[in-house]
$ cat data-v3.cif   # mmCIF, C-alpha atoms
data_run
#
loop_
_atom_site.label_atom_id
_atom_site.label_comp_id
_atom_site.auth_asym_id
_atom_site.auth_seq_id
_atom_site.Cartn_x
_atom_site.Cartn_y
_atom_site.Cartn_z
CA MET U 596 0.00 0.00 0.00
CA ASP U 597 1.28 3.46 -0.78
CA GLU U 598 1.60 6.14 1.86
CA LEU U 599 -1.54 8.04 0.96
CA ALA U 600 -3.66 4.87 1.09
CA LEU U 601 -2.20 4.06 4.51
CA ILE U 602 -2.95 7.56 5.73
CA HIS U 603 -6.55 7.36 4.50
CA ALA U 604 -7.00 3.97 6.17
CA ALA U 605 -5.49 5.32 9.39
CA GLN U 606 -7.86 8.28 9.24
CA LYS U 607 -10.71 5.77 9.27
CA GLY U 608 -9.28 4.26 12.45
CA ASP U 609 -7.23 1.43 10.94
CA LEU U 610 -4.50 0.96 13.54
CA ASP U 611 -2.56 -1.55 11.44
CA ALA U 612 -2.32 0.95 8.59
CA PHE U 613 -1.14 3.59 11.03
CA ASN U 614 1.44 1.22 12.46
CA SER U 615 2.82 0.67 8.96
CA LEU U 616 3.41 4.42 8.84
CA VAL U 617 5.02 4.25 12.28
CA LEU U 618 7.48 1.62 11.07
CA ALA U 619 8.27 3.67 7.97
CA TYR U 620 8.92 6.88 9.93
CA GLN U 621 10.11 5.76 13.35
CA ASP U 622 13.82 6.13 12.64
CA SER U 623 13.35 9.60 11.22
CA VAL U 624 11.09 10.64 14.09
CA TYR U 625 13.46 9.21 16.68
CA ASN U 626 16.46 10.99 15.14
CA THR U 627 14.64 14.31 15.10
CA ALA U 628 13.77 13.91 18.77
CA LEU U 629 17.27 12.69 19.61
CA ARG U 630 18.94 15.73 18.06
CA ILE U 631 16.50 18.23 19.55
CA LEU U 632 16.58 16.67 23.04
CA GLY U 633 20.13 15.32 23.02
CA ASP U 634 19.12 12.26 25.05
CA GLY U 635 18.17 8.80 23.82
CA GLU U 636 15.70 7.95 26.58
CA LEU U 637 13.85 11.22 26.36
CA ALA U 638 13.88 10.99 22.58
CA ALA U 639 12.28 7.54 22.70
CA ASP U 640 9.57 8.81 25.05
CA ALA U 641 8.96 11.86 22.88
CA SER U 642 8.78 9.67 19.75
CA GLN U 643 6.19 7.43 21.37
CA ASP U 644 4.17 10.45 22.48
CA ALA U 645 4.46 11.91 18.99
CA PHE U 646 3.07 8.80 17.31
CA LEU U 647 0.26 8.58 19.83
CA SER U 648 -0.64 12.19 19.25
CA ALA U 649 -0.33 11.67 15.49
CA PHE U 650 -2.82 8.81 15.61
CA ARG U 651 -5.28 10.82 17.67
CA ASN U 652 -5.05 13.82 15.37
CA ILE U 653 -4.54 12.11 12.05
CA THR U 654 -7.81 13.45 10.68
CA SER U 655 -6.28 16.92 10.89
CA PHE U 656 -3.83 15.93 8.14
CA ARG U 657 -5.30 17.31 4.94
CA GLY U 658 -2.74 16.50 2.33
CA GLY U 659 0.62 18.05 1.63
CA SER U 660 3.82 16.67 3.10
CA PHE U 661 3.06 13.95 5.64
CA ARG U 662 6.66 14.10 6.75
CA ALA U 663 6.26 17.78 7.57
CA TRP U 664 2.99 17.14 9.39
CA LEU U 665 4.62 14.37 11.41
CA SER U 666 7.63 16.57 12.12
CA ARG U 667 5.34 19.12 13.70
CA THR U 668 3.98 16.44 16.02
CA VAL U 669 7.50 15.35 16.99
CA THR U 670 8.62 18.92 17.52
CA ASN U 671 5.65 19.55 19.82
CA ALA U 672 6.39 16.35 21.74
CA CYS U 673 10.01 17.47 22.15
CA TYR U 674 8.97 20.90 23.39
CA ASP U 675 6.67 19.22 25.91
CA GLU U 676 9.56 17.04 27.01
CA LEU U 677 11.86 20.07 27.35
CA ARG U 678 9.27 21.86 29.45
CA ARG U 679 8.97 18.79 31.68
CA ARG U 680 12.72 18.60 32.00
CA LYS U 681 12.87 22.25 32.97
CA ARG U 682 10.39 21.57 35.74
CA ARG U 683 12.30 18.49 36.92
CA PRO U 684 15.96 19.24 36.26
CA ALA U 685 17.05 16.09 38.10
CA VAL U 686 16.81 14.10 34.86
CA PRO U 687 20.39 13.37 33.80
CA LEU U 688 21.36 14.91 30.48
CA GLU U 689 24.04 12.32 29.71
CA PRO U 690 22.71 8.85 30.51
CA GLU U 691 25.57 7.31 28.52
CA THR U 692 27.67 7.07 31.66
CA GLY U 693 24.92 5.25 33.57
CA GLU U 694 23.81 1.72 33.03
CA GLY U 695 21.73 0.89 29.98
CA GLU U 696 21.99 0.07 26.32
CA GLU U 697 23.89 3.27 25.57
CA LEU U 698 27.01 1.50 26.77
CA GLU U 699 26.87 -0.77 23.77
CA SER U 700 28.25 0.53 20.53
CA PRO U 701 25.64 2.76 18.94
CA ARG U 702 23.49 1.26 16.29
CA TRP U 703 23.84 3.42 13.23
CA LEU U 704 21.22 3.41 10.59
CA ALA U 705 23.19 4.67 7.62
CA ASP U 706 25.90 2.05 7.45
CA PRO U 707 25.58 -1.13 9.52
CA ALA U 708 28.90 -2.39 8.09
CA MET U 709 31.03 0.28 9.77
CA THR U 710 34.29 -0.93 11.25
CA PRO U 711 34.84 -0.35 14.97
CA GLU U 712 37.21 2.53 14.14
CA GLN U 713 34.65 4.15 11.90
CA GLU U 714 32.02 3.71 14.57
CA LEU U 715 34.29 5.33 17.12
CA GLU U 716 34.91 8.26 14.80
CA ALA U 717 31.21 8.60 14.06
CA ASP U 718 30.58 8.44 17.80
CA GLU U 719 33.03 11.20 18.59
CA LEU U 720 31.79 13.40 15.79
CA GLU U 721 28.25 12.78 16.90
CA HIS U 722 29.05 13.87 20.43
CA ALA U 723 30.77 16.98 19.15
CA ILE U 724 27.82 17.89 16.94
CA GLN U 725 25.31 17.14 19.68
CA HIS U 726 27.31 19.27 22.10
CA CYS U 727 27.14 22.16 19.64
CA LEU U 728 23.45 21.59 18.92
CA ASP U 729 22.70 21.60 22.65
CA ALA U 730 24.38 24.99 22.93
CA LEU U 731 21.88 26.51 20.47
CA PRO U 732 18.60 28.11 21.55
CA THR U 733 15.81 25.55 21.15
CA ASP U 734 14.12 27.33 18.24
CA PHE U 735 17.37 27.51 16.29
CA ARG U 736 18.19 23.90 17.07
CA THR U 737 14.82 22.69 15.89
CA VAL U 738 15.13 24.47 12.54
CA VAL U 739 18.64 23.22 11.89
CA VAL U 740 17.72 19.66 12.88
CA LEU U 741 14.71 19.62 10.57
CA ALA U 742 16.49 21.25 7.65
CA ASP U 743 20.04 19.92 7.82
CA ILE U 744 19.70 16.61 9.65
CA GLN U 745 16.27 15.53 8.44
CA GLY U 746 16.63 17.20 5.07
CA LEU U 747 13.26 18.94 5.06
CA ASP U 748 12.90 21.84 2.64
CA TYR U 749 12.06 25.35 3.83
CA SER U 750 8.34 25.02 3.27
CA GLU U 751 8.25 21.72 5.15
CA VAL U 752 10.15 23.25 8.06
CA ALA U 753 7.72 26.18 7.99
CA VAL U 754 4.80 23.74 8.30
CA SER U 755 6.58 21.82 11.04
CA ILE U 756 7.16 24.76 13.33
CA ARG U 757 4.30 26.97 12.11
CA ALA U 758 6.55 29.86 11.28
CA PRO U 759 6.89 32.00 8.13
CA LEU U 760 9.59 31.19 5.58
CA GLY U 761 11.54 34.32 6.48
CA THR U 762 11.87 33.12 10.09
CA ILE U 763 13.10 29.73 8.91
CA LYS U 764 15.76 31.29 6.69
CA SER U 765 17.05 33.61 9.36
CA ARG U 766 17.09 30.98 12.12
CA LEU U 767 18.82 28.51 9.84
CA ALA U 768 21.53 31.00 8.88
CA ARG U 769 22.18 31.95 12.52
CA ALA U 770 22.15 28.35 13.66
CA ARG U 771 24.63 27.28 10.98
CA LEU U 772 26.98 30.09 11.79
CA ARG U 773 26.90 29.34 15.51
CA LEU U 774 27.39 25.64 14.87
CA ARG U 775 30.38 26.35 12.69
CA GLU U 776 31.84 28.47 15.43
CA CYS U 777 31.32 25.72 17.98
CA LEU U 778 32.62 22.95 15.72
CA ARG U 779 35.88 24.84 15.36
CA GLY U 780 36.80 23.38 18.74
CA PHE U 781 36.50 19.87 17.32
CA THR U 782 38.45 20.28 14.09
CA GLU U 783 40.32 16.99 14.53
CA LEU U 784 37.01 15.12 14.57
CA LEU U 785 35.68 16.60 11.38
CA PRO U 786 35.81 14.42 8.28
CA ALA U 787 39.00 14.89 6.29
CA ALA U 788 37.36 16.91 3.51
CA PHE U 789 36.29 19.64 5.94
CA ARG U 790 39.66 19.60 7.70
CA LEU U 791 41.58 20.16 4.47
CA GLU U 792 39.36 23.04 3.60
CA GLU U 793 39.97 24.52 7.02
CA GLU U 794 43.73 24.11 6.85
CA SER U 795 44.01 25.42 3.30
CA ARG U 796 42.32 28.66 4.34
CA ILE U 797 44.65 29.32 7.26
CA MET X 314 34.14 45.72 2.57
CA THR X 315 33.74 44.65 6.24
CA THR X 316 32.09 41.59 7.78
CA PRO X 317 28.89 40.67 5.95
CA SER X 318 25.60 41.92 7.41
CA PHE X 319 23.11 39.43 8.73
CA ARG X 320 20.95 40.00 5.67
CA GLU X 321 23.89 38.87 3.54
CA ILE X 322 24.50 35.82 5.73
CA GLU X 323 20.85 34.84 5.29
CA LEU X 324 21.25 35.17 1.54
CA LEU X 325 24.36 33.01 1.59
CA SER X 326 22.65 30.37 3.70
CA ALA X 327 19.71 30.25 1.31
CA TYR X 328 22.15 30.12 -1.59
CA ALA X 329 23.82 27.05 -0.03
CA ASP X 330 20.40 25.39 -0.07
CA GLY X 331 19.83 26.41 -3.66
CA THR X 332 16.67 28.31 -2.84
CA LEU X 333 17.56 31.71 -4.32
CA SER X 334 15.93 32.85 -7.51
CA PRO X 335 18.23 32.61 -10.54
CA SER X 336 18.69 36.38 -10.68
CA ASP X 337 19.50 36.65 -6.93
CA ALA X 338 21.85 33.69 -7.21
CA ALA X 339 23.68 35.25 -10.19
CA ARG X 340 24.08 38.56 -8.33
CA LEU X 341 25.43 36.78 -5.26
CA GLU X 342 27.81 34.66 -7.31
CA SER X 343 29.40 37.72 -8.89
CA ARG X 344 29.80 39.29 -5.45
CA LEU X 345 31.31 36.05 -4.08
CA ALA X 346 33.91 36.15 -6.86
CA SER X 347 35.05 39.62 -5.86
CA GLU X 348 34.52 39.69 -2.06
CA PRO X 349 36.72 37.31 -0.02
CA GLU X 350 34.90 38.14 3.28
CA LEU X 351 31.67 37.00 1.76
CA ARG X 352 33.38 33.91 0.42
CA ALA X 353 34.80 33.09 3.86
CA VAL X 354 31.35 33.19 5.47
CA MET X 355 29.99 31.12 2.61
CA ASP X 356 32.60 28.43 3.35
CA GLU X 357 31.69 28.45 7.04
CA LEU X 358 28.02 27.96 6.28
CA ARG X 359 28.80 25.22 3.78
CA VAL X 360 30.96 23.30 6.25
CA ALA X 361 28.33 23.52 9.00
CA ARG X 362 25.64 22.39 6.60
CA ALA X 363 27.72 19.53 5.22
CA VAL X 364 28.84 18.25 8.64
CA LEU X 365 25.26 18.12 9.86
CA ARG X 366 24.15 16.34 6.72
CA LYS X 367 26.92 13.80 7.13
CA LEU X 368 25.80 12.88 10.62
CA PRO X 369 24.67 9.25 10.36
CA ALA X 370 21.17 8.46 11.56
CA ARG X 371 20.53 6.30 14.58
CA LYS X 372 18.19 3.38 14.59
CA ALA X 373 15.09 3.74 16.74
CA PRO X 374 15.83 1.84 19.97
CA ARG X 375 12.47 0.06 19.84
CA ARG X 376 9.35 -0.17 17.73
CA PHE X 377 6.98 2.71 18.37
CA VAL X 378 3.91 0.93 17.01
CA LEU X 379 0.74 1.64 18.92
CA THR X 380 -1.22 -1.07 20.69
CA PRO X 381 -5.02 -0.87 20.69
CA ALA X 382 -4.94 0.14 24.36
CA MET X 383 -2.53 3.00 23.69
CA ALA X 384 -4.68 4.10 20.79
CA GLY X 385 -7.67 4.08 23.15
CA LEU X 386 -9.38 1.15 21.48
CA ARG X 387 -11.54 -1.38 23.38
CA PRO X 388 -10.57 -5.03 23.66
CA PRO X 389 -12.37 -7.25 21.15
CA LEU X 390 -15.31 -9.19 22.58
CA PRO X 391 -14.78 -12.96 22.78
CA ARG X 392 -16.95 -14.72 20.19
CA VAL X 393 -18.77 -16.83 22.75
CA TYR X 394 -19.73 -13.82 24.87
CA PRO X 395 -22.84 -12.69 22.96
CA VAL X 396 -24.06 -16.29 22.79
CA LEU X 397 -23.78 -16.73 26.54
CA ARG X 398 -25.34 -13.36 27.17
CA PHE X 399 -28.23 -14.13 24.88
CA ALA X 400 -28.78 -17.53 26.47
CA SER X 401 -28.77 -15.97 29.91
CA ALA X 402 -31.29 -13.36 28.84
CA LEU X 403 -33.47 -16.03 27.27
CA ALA X 404 -33.43 -18.10 30.47
CA THR X 405 -34.41 -15.00 32.45
CA ILE X 406 -37.28 -14.25 30.09
CA LEU X 407 -38.55 -17.82 30.30
CA LEU X 408 -38.26 -17.66 34.06
CA LEU X 409 -40.30 -14.48 34.18
CA PHE X 410 -42.79 -16.01 31.81
CA THR X 411 -43.35 -19.13 33.90
CA ALA X 412 -43.40 -17.05 37.05
CA ALA X 413 -46.08 -14.87 35.49
CA ILE X 414 -48.16 -17.94 34.65
CA ASN X 415 -47.71 -19.12 38.19
CA LEU X 416 -48.72 -15.74 39.52
CA VAL X 417 -51.83 -15.60 37.43
CA SER X 418 -52.92 -19.11 38.27
CA ASN X 419 -51.90 -18.94 41.94
CA PRO X 420 -51.46 -15.41 43.35
CA PRO X 421 -49.23 -15.39 46.45
CA ALA X 422 -50.73 -14.06 49.61
CA LEU X 423 -47.56 -12.47 50.84
CA GLY X 424 -44.73 -10.16 49.73
CA PHE X 425 -41.42 -10.35 51.46
CA ALA X 426 -38.30 -8.59 50.31
CA ALA X 427 -36.10 -10.58 48.00
CA PRO X 428 -32.33 -10.37 48.49
CA ALA X 429 -30.28 -8.92 45.64
CA ALA X 430 -29.13 -11.40 43.04
CA ALA X 431 -25.56 -11.86 44.18
CA PRO X 432 -23.91 -13.20 40.97
CA PHE X 433 -25.32 -10.34 38.94
CA GLY X 434 -24.13 -7.77 41.44
CA GLY X 435 -20.67 -9.32 41.19
CA ALA X 436 -20.72 -9.19 37.42
CA GLY X 437 -21.60 -5.50 37.50
CA ALA X 438 -18.76 -4.73 39.88
CA GLY X 439 -16.35 -6.66 37.66
CA GLY X 440 -16.84 -4.16 34.92
CA ALA X 441 -18.68 -6.38 32.45
CA PRO X 442 -21.83 -4.60 31.34
CA GLU X 443 -24.57 -7.15 31.85
CA GLU X 444 -27.67 -6.77 29.80
CA GLU X 445 -30.11 -8.34 32.23
CA PRO X 446 -31.55 -5.69 34.51
CA PRO X 447 -31.08 -6.85 38.11
CA ALA X 448 -34.52 -5.51 39.00
CA THR X 449 -36.22 -8.04 36.80
CA MET X 450 -34.09 -10.81 38.22
CA GLN X 451 -35.08 -9.79 41.70
CA ALA X 452 -38.66 -9.73 40.65
CA ALA X 453 -38.23 -13.14 39.14
CA GLU X 454 -36.70 -14.47 42.31
CA ALA X 455 -39.40 -12.89 44.36
CA GLN X 456 -41.81 -14.87 42.31
CA ILE X 457 -39.93 -18.08 42.80
CA GLU X 458 -39.51 -17.79 46.52
CA PRO X 459 -43.12 -18.20 47.51
CA THR X 460 -43.36 -21.00 45.02
CA LEU X 461 -40.48 -22.85 46.55
CA GLU X 462 -41.71 -21.97 49.98
CA THR X 463 -45.11 -23.41 49.37
CA ALA X 464 -43.72 -26.44 47.68
CA ASP X 465 -41.35 -27.08 50.53
CA SER X 466 -43.87 -26.70 53.25
CA ALA X 467 -46.29 -28.87 51.36
CA ARG X 468 -43.56 -31.51 50.88
CA VAL X 469 -44.67 -32.12 47.32
CA ALA X 470 -41.21 -33.03 46.04
CA GLY X 471 -37.97 -33.81 47.86
CA THR X 472 -35.55 -32.05 45.51
CA ALA X 473 -35.26 -28.50 46.77
CA THR X 474 -32.35 -26.66 45.13
CA PRO X 475 -29.56 -25.97 47.60
CA GLU X 476 -28.70 -22.61 45.97
CA ILE X 477 -32.07 -21.20 46.67
CA MET X 478 -32.30 -22.72 50.13
CA ALA X 479 -28.89 -21.39 51.06
CA LYS X 480 -30.05 -17.85 50.55
CA GLY X 481 -31.72 -18.03 53.89
CA PHE X 482 -35.13 -16.63 53.32
CA ALA X 483 -36.89 -19.67 54.56
CA ASN X 484 -39.40 -17.81 56.69
CA GLU X 485 -42.08 -20.25 57.61
CA GLN X 486 -45.35 -19.45 55.98
CA PRO X 487 -47.62 -22.25 57.10
CA GLU X 488 -50.77 -20.73 55.66
CA VAL X 489 -49.59 -20.90 52.02
CA GLN X 490 -51.75 -22.99 49.79
CA PRO X 491 -50.20 -26.16 48.38
CA ALA X 492 -51.90 -26.14 44.97
CA LEU X 493 -49.40 -25.36 42.18
CA ARG X 494 -49.86 -25.55 38.43
CA VAL X 495 -46.29 -24.97 37.35
CA PRO X 496 -43.86 -27.32 39.09
CA TYR X 497 -41.02 -25.51 40.85
CA PRO X 498 -38.05 -27.60 39.45
CA TRP X 499 -38.69 -26.01 36.07
CA GLN X 500 -38.31 -22.50 37.47
CA SER X 501 -35.34 -23.25 39.65
CA ARG X 502 -33.56 -24.84 36.69
CA LEU X 503 -34.22 -21.75 34.64
CA LEU X 504 -32.94 -19.56 37.42
CA ILE X 505 -29.77 -21.63 37.76
CA ALA X 506 -29.31 -21.61 33.99
CA ALA X 507 -29.68 -17.83 33.87
CA LEU X 508 -27.19 -17.34 36.69
CA VAL X 509 -24.66 -19.86 35.37
CA LEU X 510 -24.80 -18.45 31.84
CA ALA X 511 -24.45 -14.89 33.08
CA GLY X 512 -21.54 -15.96 35.27
CA ALA X 513 -19.90 -17.76 32.34
CA ALA X 514 -20.36 -14.70 30.12
CA TRP X 515 -18.76 -12.51 32.75
CA LEU X 516 -15.90 -14.97 33.30
CA VAL X 517 -15.18 -15.36 29.57
CA ARG X 518 -15.09 -11.62 29.13
CA TYR X 519 -12.99 -11.07 32.24
CA LEU X 520 -10.39 -13.65 31.14
CA ASN X 521 -10.39 -12.23 27.62
CA ASP X 522 -9.80 -8.67 28.87
CA ARG X 523 -7.07 -9.81 31.21
CA ASN X 524 -5.34 -11.69 28.40
CA TRP X 525 -5.64 -8.68 26.15
CA ARG X 526 -4.06 -6.37 28.71
CA ALA X 527 -1.26 -8.86 29.34
CA ASN X 528 -0.50 -8.92 25.61
CA LEU X 529 -0.41 -5.13 25.55
CA GLN X 530 2.14 -5.05 28.31
CA ARG X 531 4.27 -7.52 26.40
CA THR X 532 4.19 -5.60 23.11
CA LYS X 533 4.86 -2.34 24.94
CA ARG X 534 8.14 -3.60 26.38
#
$ encode --input "data-v3.cif" --output "structure tokens"
Amino acid sequence: MDELALIHAAQKGDLDAFNSLVLAYQDSVYNTALRILGDGELAADASQDAFLSAFRNITSFRGGSFRAWLSRTVTNACYDELRRRKRRPAVPLEPETGEGEELESPRWLADPAMTPEQELEADELEHAIQHCLDALPTDFRTVVVLADIQGLDYSEVAVSIRAPLGTIKSRLARARLRLRECLRGFTELLPAAFRLEEESRI
Amino acid sequence: MTTPSFREIELLSAYADGTLSPSDAARLESRLASEPELRAVMDELRVARAVLRKLPARKAPRRFVLTPAMAGLRPPLPRVYPVLRFASALATILLLFTAAINLVSNPPALGFAAPAAAPFGGAGAGGAPEEEPPATMQAAEAQIEPTLETADSARVAGTATPEIMAKGFANEQPEVQPALRVPYPWQSRLLIAALVLAGAAWLVRYLNDRNWRANLQRTKR
């Protein structure tokens, strides 16, 4: 079944059809939440909340980009989670040091055949990027995650965060510049292509 | 020229995404060729954009599929449930019917309070919506009691049902008349059938719901 047929079935209350959509989008949704929240546990909770809310409100989807519509749900779930975390700041921000599955090597989606060295590099780069993302104001972080990590186009990001295109453009530009500034502290972790560019300019 | 203004940075960022109009893009390109400061910022934006896009995606740590309970759906009714419920209702109707015949042919001279039908009260508390209104069951029992009473005191038959006797409303009514058209074993059997079927319906549904919830917990983990 194609996506639109699944959406229509889900709108009629077909939970199996909706769950097919969940399986198709769960990695994307989880990654969005992970990058906005910077914490695997919280991201999993936010993803589950997002899908629940998506099912309850699926009749409000009236065409257009389903990915953008779903991104809005995830973003809202993340903002709820951030508000909760603000109220209860005891939640650890870095559960990696505690017990749990985070101790295992991370399971990457893009390339399951990565060597341990490559995984380590990806791990370190990921931590550097996440550190820099966390330093951004939430609204900037959300835009840059949706546009640059999830690859949504401007209009999709605008739908996701209910903001005009101009706001998206300006937040994205600021976020990228700040991220670049922050990543300067992790030059040795950047992939070789970016390092060469950096060195050649100096 | 000095450091680019924020308006220019926005333009460069949009240019990196390829979202400028052809004329705007051409104008910016010619400026990039002649202004190294602009070019430097452009490189910064490009690196940031490219690093983020290179970040590999993580796998979701678990499946986020929704269970019917999470989606707010009700558990499916067991197939046998409506059959049992219907049979129980039918037994109750027949019971009322025979009691009515009995009443017409032999009106009781007394009216004592009937105790509440215990199994039906239990079913209601268990959360299973029973169709049979308890009031009619009580009425039905109230009809049976004098019948049993009279039959017992008259010693017509020796097979009094222990369920009914155990309820403890055996107030002696010696002046009741012994003549009965409808024999009491017929009514007591109907009453037992109604109660047993209702109990079975409740039990089947209770077990089904419990099973369903247990499955939910398992899929949620």
$ atom_distance --input "data-v3.cif" --atom1 "atom CA of Arg320 of chain X" --atom2 "atom CA of Ser765 of chain U"
8.3 Å
$ resolve_selection --input "data-v3.cif" --expression "the PyMOL selection byres ((chain U and resi 667-669) around 6)" --output "list of chain:residue names"
U:Ala645, U:Trp664, U:Leu665, U:Ser666, U:Thr670, U:Asn671, U:Ala672, U:Ser755, U:Ile756
$ residues_near_point --input "data-v3.cif" --point "(15.0, 24.9, 19.1)" --cutoff "12 Å" --atoms "only C-alpha atoms" --output "PDB file with C-alpha atoms, keeping the file's coordinate frame"
ATOM      1  CA  THR U 627      14.640  14.310  15.100  1.00  0.00           C
ATOM      2  CA  ALA U 628      13.770  13.910  18.770  1.00  0.00           C
ATOM      3  CA  ARG U 630      18.940  15.730  18.060  1.00  0.00           C
ATOM      4  CA  ILE U 631      16.500  18.230  19.550  1.00  0.00           C
ATOM      5  CA  LEU U 632      16.580  16.670  23.040  1.00  0.00           C
ATOM      6  CA  GLY U 633      20.130  15.320  23.020  1.00  0.00           C
ATOM      7  CA  THR U 670       8.620  18.920  17.520  1.00  0.00           C
ATOM      8  CA  ASN U 671       5.650  19.550  19.820  1.00  0.00           C
ATOM      9  CA  CYS U 673      10.010  17.470  22.150  1.00  0.00           C
ATOM     10  CA  TYR U 674       8.970  20.900  23.390  1.00  0.00           C
ATOM     11  CA  LEU U 677      11.860  20.070  27.350  1.00  0.00           C
ATOM     12  CA  LEU U 728      23.450  21.590  18.920  1.00  0.00           C
ATOM     13  CA  ASP U 729      22.700  21.600  22.650  1.00  0.00           C
ATOM     14  CA  ALA U 730      24.380  24.990  22.930  1.00  0.00           C
ATOM     15  CA  LEU U 731      21.880  26.510  20.470  1.00  0.00           C
ATOM     16  CA  PRO U 732      18.600  28.110  21.550  1.00  0.00           C
ATOM     17  CA  THR U 733      15.810  25.550  21.150  1.00  0.00           C
ATOM     18  CA  ASP U 734      14.120  27.330  18.240  1.00  0.00           C
ATOM     19  CA  PHE U 735      17.370  27.510  16.290  1.00  0.00           C
ATOM     20  CA  ARG U 736      18.190  23.900  17.070  1.00  0.00           C
ATOM     21  CA  THR U 737      14.820  22.690  15.890  1.00  0.00           C
ATOM     22  CA  VAL U 738      15.130  24.470  12.540  1.00  0.00           C
ATOM     23  CA  VAL U 739      18.640  23.220  11.890  1.00  0.00           C
ATOM     24  CA  VAL U 740      17.720  19.660  12.880  1.00  0.00           C
ATOM     25  CA  LEU U 741      14.710  19.620  10.570  1.00  0.00           C
ATOM     26  CA  ILE U 756       7.160  24.760  13.330  1.00  0.00           C
ATOM     27  CA  ILE U 763      13.100  29.730   8.910  1.00  0.00           C
ATOM     28  CA  ARG U 766      17.090  30.980  12.120  1.00  0.00           C
ATOM     29  CA  LEU U 767      18.820  28.510   9.840  1.00  0.00           C
ATOM     30  CA  ALA U 770      22.150  28.350  13.660  1.00  0.00           C
TER      31      ALA U 770
END
$ resolve_selection --input "data-v3.cif" --expression "the PyMOL selection byres ((chain X) within 12 of (chain U))" --output "PyMOL selection string"
chain X and resi 318-333+349+352-386+533
$ write_last_selection --input "data-v3.cif" --atoms "C-alpha atoms" --output "PDB file, in the coordinates of the input"
ATOM      1  CA  SER X 318      25.600  41.920   7.410  1.00  0.00           C
ATOM      2  CA  PHE X 319      23.110  39.430   8.730  1.00  0.00           C
ATOM      3  CA  ARG X 320      20.950  40.000   5.670  1.00  0.00           C
ATOM      4  CA  GLU X 321      23.890  38.870   3.540  1.00  0.00           C
ATOM      5  CA  ILE X 322      24.500  35.820   5.730  1.00  0.00           C
ATOM      6  CA  GLU X 323      20.850  34.840   5.290  1.00  0.00           C
ATOM      7  CA  LEU X 324      21.250  35.170   1.540  1.00  0.00           C
ATOM      8  CA  LEU X 325      24.360  33.010   1.590  1.00  0.00           C
ATOM      9  CA  SER X 326      22.650  30.370   3.700  1.00  0.00           C
ATOM     10  CA  ALA X 327      19.710  30.250   1.310  1.00  0.00           C
ATOM     11  CA  TYR X 328      22.150  30.120  -1.590  1.00  0.00           C
ATOM     12  CA  ALA X 329      23.820  27.050  -0.030  1.00  0.00           C
ATOM     13  CA  ASP X 330      20.400  25.390  -0.070  1.00  0.00           C
ATOM     14  CA  GLY X 331      19.830  26.410  -3.660  1.00  0.00           C
ATOM     15  CA  THR X 332      16.670  28.310  -2.840  1.00  0.00           C
ATOM     16  CA  LEU X 333      17.560  31.710  -4.320  1.00  0.00           C
ATOM     17  CA  PRO X 349      36.720  37.310  -0.020  1.00  0.00           C
ATOM     18  CA  ARG X 352      33.380  33.910   0.420  1.00  0.00           C
ATOM     19  CA  ALA X 353      34.800  33.090   3.860  1.00  0.00           C
ATOM     20  CA  VAL X 354      31.350  33.190   5.470  1.00  0.00           C
ATOM     21  CA  MET X 355      29.990  31.120   2.610  1.00  0.00           C
ATOM     22  CA  ASP X 356      32.600  28.430   3.350  1.00  0.00           C
ATOM     23  CA  GLU X 357      31.690  28.450   7.040  1.00  0.00           C
ATOM     24  CA  LEU X 358      28.020  27.960   6.280  1.00  0.00           C
ATOM     25  CA  ARG X 359      28.800  25.220   3.780  1.00  0.00           C
ATOM     26  CA  VAL X 360      30.960  23.300   6.250  1.00  0.00           C
ATOM     27  CA  ALA X 361      28.330  23.520   9.000  1.00  0.00           C
ATOM     28  CA  ARG X 362      25.640  22.390   6.600  1.00  0.00           C
ATOM     29  CA  ALA X 363      27.720  19.530   5.220  1.00  0.00           C
ATOM     30  CA  VAL X 364      28.840  18.250   8.640  1.00  0.00           C
ATOM     31  CA  LEU X 365      25.260  18.120   9.860  1.00  0.00           C
ATOM     32  CA  ARG X 366      24.150  16.340   6.720  1.00  0.00           C
ATOM     33  CA  LYS X 367      26.920  13.800   7.130  1.00  0.00           C
ATOM     34  CA  LEU X 368      25.800  12.880  10.620  1.00  0.00           C
ATOM     35  CA  PRO X 369      24.670   9.250  10.360  1.00  0.00           C
ATOM     36  CA  ALA X 370      21.170   8.460  11.560  1.00  0.00           C
ATOM     37  CA  ARG X 371      20.530   6.300  14.580  1.00  0.00           C
ATOM     38  CA  LYS X 372      18.190   3.380  14.590  1.00  0.00           C
ATOM     39  CA  ALA X 373      15.090   3.740  16.740  1.00  0.00           C
ATOM     40  CA  PRO X 374      15.830   1.840  19.970  1.00  0.00           C
ATOM     41  CA  ARG X 375      12.470   0.060  19.840  1.00  0.00           C
ATOM     42  CA  ARG X 376       9.350  -0.170  17.730  1.00  0.00           C
ATOM     43  CA  PHE X 377       6.980   2.710  18.370  1.00  0.00           C
ATOM     44  CA  VAL X 378       3.910   0.930  17.010  1.00  0.00           C
ATOM     45  CA  LEU X 379       0.740   1.640  18.920  1.00  0.00           C
ATOM     46  CA  THR X 380      -1.220  -1.070  20.690  1.00  0.00           C
ATOM     47  CA  PRO X 381      -5.020  -0.870  20.690  1.00  0.00           C
ATOM     48  CA  ALA X 382      -4.940   0.140  24.360  1.00  0.00           C
ATOM     49  CA  MET X 383      -2.530   3.000  23.690  1.00  0.00           C
ATOM     50  CA  ALA X 384      -4.680   4.100  20.790  1.00  0.00           C
ATOM     51  CA  GLY X 385      -7.670   4.080  23.150  1.00  0.00           C
ATOM     52  CA  LEU X 386      -9.380   1.150  21.480  1.00  0.00           C
ATOM     53  CA  LYS X 533       4.860  -2.340  24.940  1.00  0.00           C
TER      54      LYS X 533
END
